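Visitor: PDB, C-alpha atoms, saved as structure00.pdb, coming up:
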```
MODEL        1
ATOM      1  CA  MET A1181     -52.231 298.258 103.282
ATOM      2  CA  ASP A1182     -53.319 301.428 101.514
ATOM      3  CA  ARG A1183     -53.953 302.647  97.958
ATOM      4  CA  THR A1184     -50.200 302.844  97.222
ATOM      5  CA  HIS A1185     -49.158 299.513  98.764
ATOM      6  CA  ASN A1186     -51.066 296.586  97.342
ATOM      7  CA  PRO A1187     -49.605 293.250  98.485
ATOM      8  CA  GLU A1188     -50.780 291.174  95.518
ATOM      9  CA  PHE A1189     -48.430 293.220  93.317
ATOM     10  CA  THR A1190     -45.418 292.839  95.616
ATOM     11  CA  VAL A1191     -42.924 290.483  94.028
ATOM     12  CA  MET A1192     -40.244 290.763  96.681
ATOM     13  CA  GLU A1193     -40.032 292.740  99.861
ATOM     14  CA  ILE A1194     -36.896 292.723 101.988
ATOM     15  CA  TYR A1195     -35.735 294.545 105.078
ATOM     16  CA  VAL A1196     -32.093 294.499 106.170
ATOM     17  CA  ALA A1197     -30.725 296.294 109.208
ATOM     18  CA  TYR A1198     -27.719 298.589 108.886
ATOM     19  CA  LYS A1199     -27.593 298.584 105.080
ATOM     20  CA  ASP A1200     -28.195 301.475 102.684
ATOM     21  CA  TYR A1201     -29.721 301.878  99.231
ATOM     22  CA  ASN A1202     -26.356 301.211  97.553
ATOM     23  CA  TRP A1203     -26.172 297.812  99.230
ATOM     24  CA  MET A1204     -29.789 297.138  98.223
ATOM     25  CA  MET A1205     -29.062 298.002  94.579
ATOM     26  CA  GLU A1206     -26.021 295.714  94.538
ATOM     27  CA  MET A1207     -27.925 292.837  96.138
ATOM     28  CA  THR A1208     -30.848 293.263  93.717
ATOM     29  CA  GLU A1209     -28.581 293.445  90.661
ATOM     30  CA  GLU A1210     -26.696 290.309  91.735
ATOM     31  CA  MET A1211     -29.993 288.502  92.328
ATOM     32  CA  ILE A1212     -31.375 289.483  88.902
ATOM     33  CA  GLU A1213     -28.191 288.303  87.160
ATOM     34  CA  ARG A1214     -28.307 284.980  89.029
ATOM     35  CA  VAL A1215     -32.016 284.494  88.246
ATOM     36  CA  ALA A1216     -31.385 285.117  84.531
ATOM     37  CA  LEU A1217     -28.553 282.587  84.562
ATOM     38  CA  ALA A1218     -30.613 280.018  86.502
ATOM     39  CA  LEU A1219     -33.651 280.353  84.231
ATOM     40  CA  HIS A1220     -32.024 280.887  80.842
ATOM     41  CA  GLY A1221     -28.415 279.741  81.217
ATOM     42  CA  THR A1222     -27.327 283.187  80.041
ATOM     43  CA  THR A1223     -27.678 286.793  81.090
ATOM     44  CA  GLU A1224     -29.006 287.729  77.638
ATOM     45  CA  VAL A1225     -32.763 287.275  77.610
ATOM     46  CA  PRO A1226     -35.071 287.957  74.654
ATOM     47  CA  VAL A1227     -38.040 290.162  75.527
ATOM     48  CA  GLY A1228     -40.239 290.717  72.503
ATOM     49  CA  ASP A1229     -37.971 291.830  69.685
ATOM     50  CA  LYS A1230     -35.257 293.060  72.068
ATOM     51  CA  LEU A1231     -32.379 291.297  73.785
ATOM     52  CA  ILE A1232     -31.866 292.437  77.372
ATOM     53  CA  ASN A1233     -28.535 291.722  79.041
ATOM     54  CA  PHE A1234     -28.716 291.262  82.805
ATOM     55  CA  LYS A1235     -24.922 291.012  83.172
ATOM     56  CA  LEU A1236     -23.371 293.119  85.903
ATOM     57  CA  PRO A1237     -22.623 295.961  86.230
ATOM     58  CA  PHE A1238     -25.963 297.673  85.565
ATOM     59  CA  LYS A1239     -26.068 301.248  84.335
ATOM     60  CA  ARG A1240     -27.053 303.599  87.142
ATOM     61  CA  ILE A1241     -28.563 306.982  86.373
ATOM     62  CA  THR A1242     -30.516 309.505  88.411
ATOM     63  CA  MET A1243     -34.096 310.327  87.458
ATOM     64  CA  THR A1244     -33.185 313.898  86.522
ATOM     65  CA  ASP A1245     -30.229 312.754  84.386
ATOM     66  CA  SER A1246     -32.495 310.182  82.731
ATOM     67  CA  ILE A1247     -35.071 312.835  81.867
ATOM     68  CA  LYS A1248     -32.326 314.993  80.388
ATOM     69  CA  GLU A1249     -30.799 312.082  78.424
ATOM     70  CA  PHE A1250     -34.082 310.952  76.884
ATOM     71  CA  THR A1251     -35.834 314.299  76.399
ATOM     72  CA  GLY A1252     -33.042 316.858  76.257
ATOM     73  CA  ILE A1253     -34.799 318.814  79.031
ATOM     74  CA  ASP A1254     -32.864 319.771  82.170
ATOM     75  CA  ILE A1255     -35.505 319.991  84.908
ATOM     76  CA  LEU A1256     -33.137 320.652  87.832
ATOM     77  CA  GLY A1257     -33.469 324.436  87.806
ATOM     78  CA  MET A1258     -37.185 324.508  86.998
ATOM     79  CA  ASP A1259     -39.744 325.698  89.525
ATOM     80  CA  GLU A1260     -43.022 323.890  90.107
ATOM     81  CA  GLN A1261     -45.039 326.147  87.770
ATOM     82  CA  SER A1262     -42.588 325.578  84.895
ATOM     83  CA  LEU A1263     -42.702 321.824  85.496
ATOM     84  CA  ARG A1264     -46.516 321.864  85.457
ATOM     85  CA  LEU A1265     -46.565 323.712  82.126
ATOM     86  CA  LEU A1266     -44.038 321.292  80.682
ATOM     87  CA  ALA A1267     -46.024 318.318  81.952
ATOM     88  CA  LYS A1268     -49.280 319.608  80.458
ATOM     89  CA  LYS A1269     -47.554 319.831  77.064
ATOM     90  CA  SER A1270     -45.763 316.483  77.374
ATOM     91  CA  VAL A1271     -48.029 314.090  79.284
ATOM     92  CA  SER A1272     -51.295 312.917  77.794
ATOM     93  CA  LYS A1273     -52.856 311.954  81.153
ATOM     94  CA  TRP A1274     -52.013 313.095  84.663
ATOM     95  CA  THR A1275     -53.834 313.139  87.955
ATOM     96  CA  LYS A1276     -53.928 315.605  90.821
ATOM     97  CA  PRO A1277     -52.281 316.291  93.167
ATOM     98  CA  TRP A1278     -49.154 316.839  91.131
ATOM     99  CA  ALA A1279     -46.362 318.399  93.154
ATOM    100  CA  LYS A1280     -42.833 319.088  91.908
ATOM    101  CA  ALA A1281     -41.460 315.678  92.896
ATOM    102  CA  LYS A1282     -44.227 313.820  91.068
TER     103      LYS A1282
ENDMDL
END
```
Give the structure from the file, written as structure tokens.
Guide:
Amino acid sequence: MDRTHNPEFTVMEIYVAYKDYNWMMEMTEEMIERVALALHGTTEVPVGDKLINFKLPFKRITMTDSIKEFTGIDILGMDEQSLRLLAKKSVSKWTKPWAKAK
């Protein structure tokens, strides 16, 4: 246990030999759809004033494509200094250390 791995917040943890992240995504998506059906009898679940559909297939998008889709900013070619300047303008609160990946 450390500051980034706190077991009381772990909902599910699974380890499977000889599988990759694509398999893990598929297994997780299938599980979420089945849980929605088991709990609600449908894949469409109201959350607040929204209706979320847990029916397969799920939309898959990379983090960089998501940033571009929702902000219009393409961060792929940006260096760390440019990203820091952008973050200071865009994010109300951030903590150090803040490297390019973060």
Visitor: I'd like the contact shell of A:Ala1216 - 12 Å cut-off, all atoms listed in the file, skipping same-chain residues fewer than 6 positions apart - returned as number ranges by chain.
Guide: A: 1209-1210, 1222-1226, 1232-1236
Visitor: Residues of the last selection are to be written out with C-alpha atoms, as an mmCIF file, in the coordinates of the input.
Guide:
```cif
data_model
loop_
_atom_site.group_PDB
_atom_site.id
_atom_site.type_symbol
_atom_site.label_atom_id
_atom_site.label_comp_id
_atom_site.auth_asym_id
_atom_site.auth_seq_id
_atom_site.Cartn_x
_atom_site.Cartn_y
_atom_site.Cartn_z
ATOM 1 C CA GLU A 1209 -28.581 293.445 90.661
ATOM 2 C CA GLU A 1210 -26.696 290.309 91.735
ATOM 3 C CA THR A 1222 -27.327 283.187 80.041
ATOM 4 C CA THR A 1223 -27.678 286.793 81.090
ATOM 5 C CA GLU A 1224 -29.006 287.729 77.638
ATOM 6 C CA VAL A 1225 -32.763 287.275 77.610
ATOM 7 C CA PRO A 1226 -35.071 287.957 74.654
ATOM 8 C CA ILE A 1232 -31.866 292.437 77.372
ATOM 9 C CA ASN A 1233 -28.535 291.722 79.041
ATOM 10 C CA PHE A 1234 -28.716 291.262 82.805
ATOM 11 C CA LYS A 1235 -24.922 291.012 83.172
ATOM 12 C CA LEU A 1236 -23.371 293.119 85.903
#
```
Visitor: Which residue out of A:Gln1261, A:Ser1270, A:Thr1208, A:Thr1251 has the minimum interatomic distance to A:Pro1237 when only C-alpha atoms are used?
Guide: A:Thr1208
Visitor: Quick one, how far is atom CA of A:Leu1265 from atom CA of A:Ser1246?
Guide: 19.5 Å
Visitor: Grab the atom CA of A:Leu1217 to atom CA of A:Tyr1201 distance for me, in Å with one decimal place.
Guide: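 Separation of atom CA of A:Leu1217 and atom CA of A:Tyr1201: 24.3 Å.
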Visitor: Could you tell me how far atom CA of A:Asn1202 sits from atom CA of A:Phe1238, in Å to one decimal place?
Guide: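 Computing the Euclidean distance for atom CA of A:Phe1238 and atom CA of A:Asn1202 yields 12.5 Å.
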Visitor: To test the calculation: enclose all listed atoms of stretch 1196-1214 of chain A in a box whose edges run along x, y and z, add 6 Å on each side, then state centre and edge lengths in Å to one decimal, as AutoDock Vina command-line options.
Guide:
```
--center_x -29.1 --center_y 293.4 --center_z 98.2 --size_x 18.1 --size_y 28.9 --size_z 34.0
```
Visitor: Please write as a list in words the full residue list that the PyMOL selection byres ((chain A and resi 1244) around 10) yields on this file.
Guide: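 Matching residues under the PyMOL selection byres ((chain A and resi 1244) around 10) are Ile1241, Thr1242, Met1243, Asp1245, Ser1246, Ile1247, Lys1248, Glu1249, Ile1253, Asp1254, Ile1255 and Leu1256 of chain A.
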Visitor: Of the residues A:Ala1267, A:Arg1240, A:Met1192, A:Phe1250, which is the one nearest to A:Ile1212, using all atoms listed in the file?
Guide: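 Using all atoms listed in the file, A:Ile1212 sits closest to A:Met1192.
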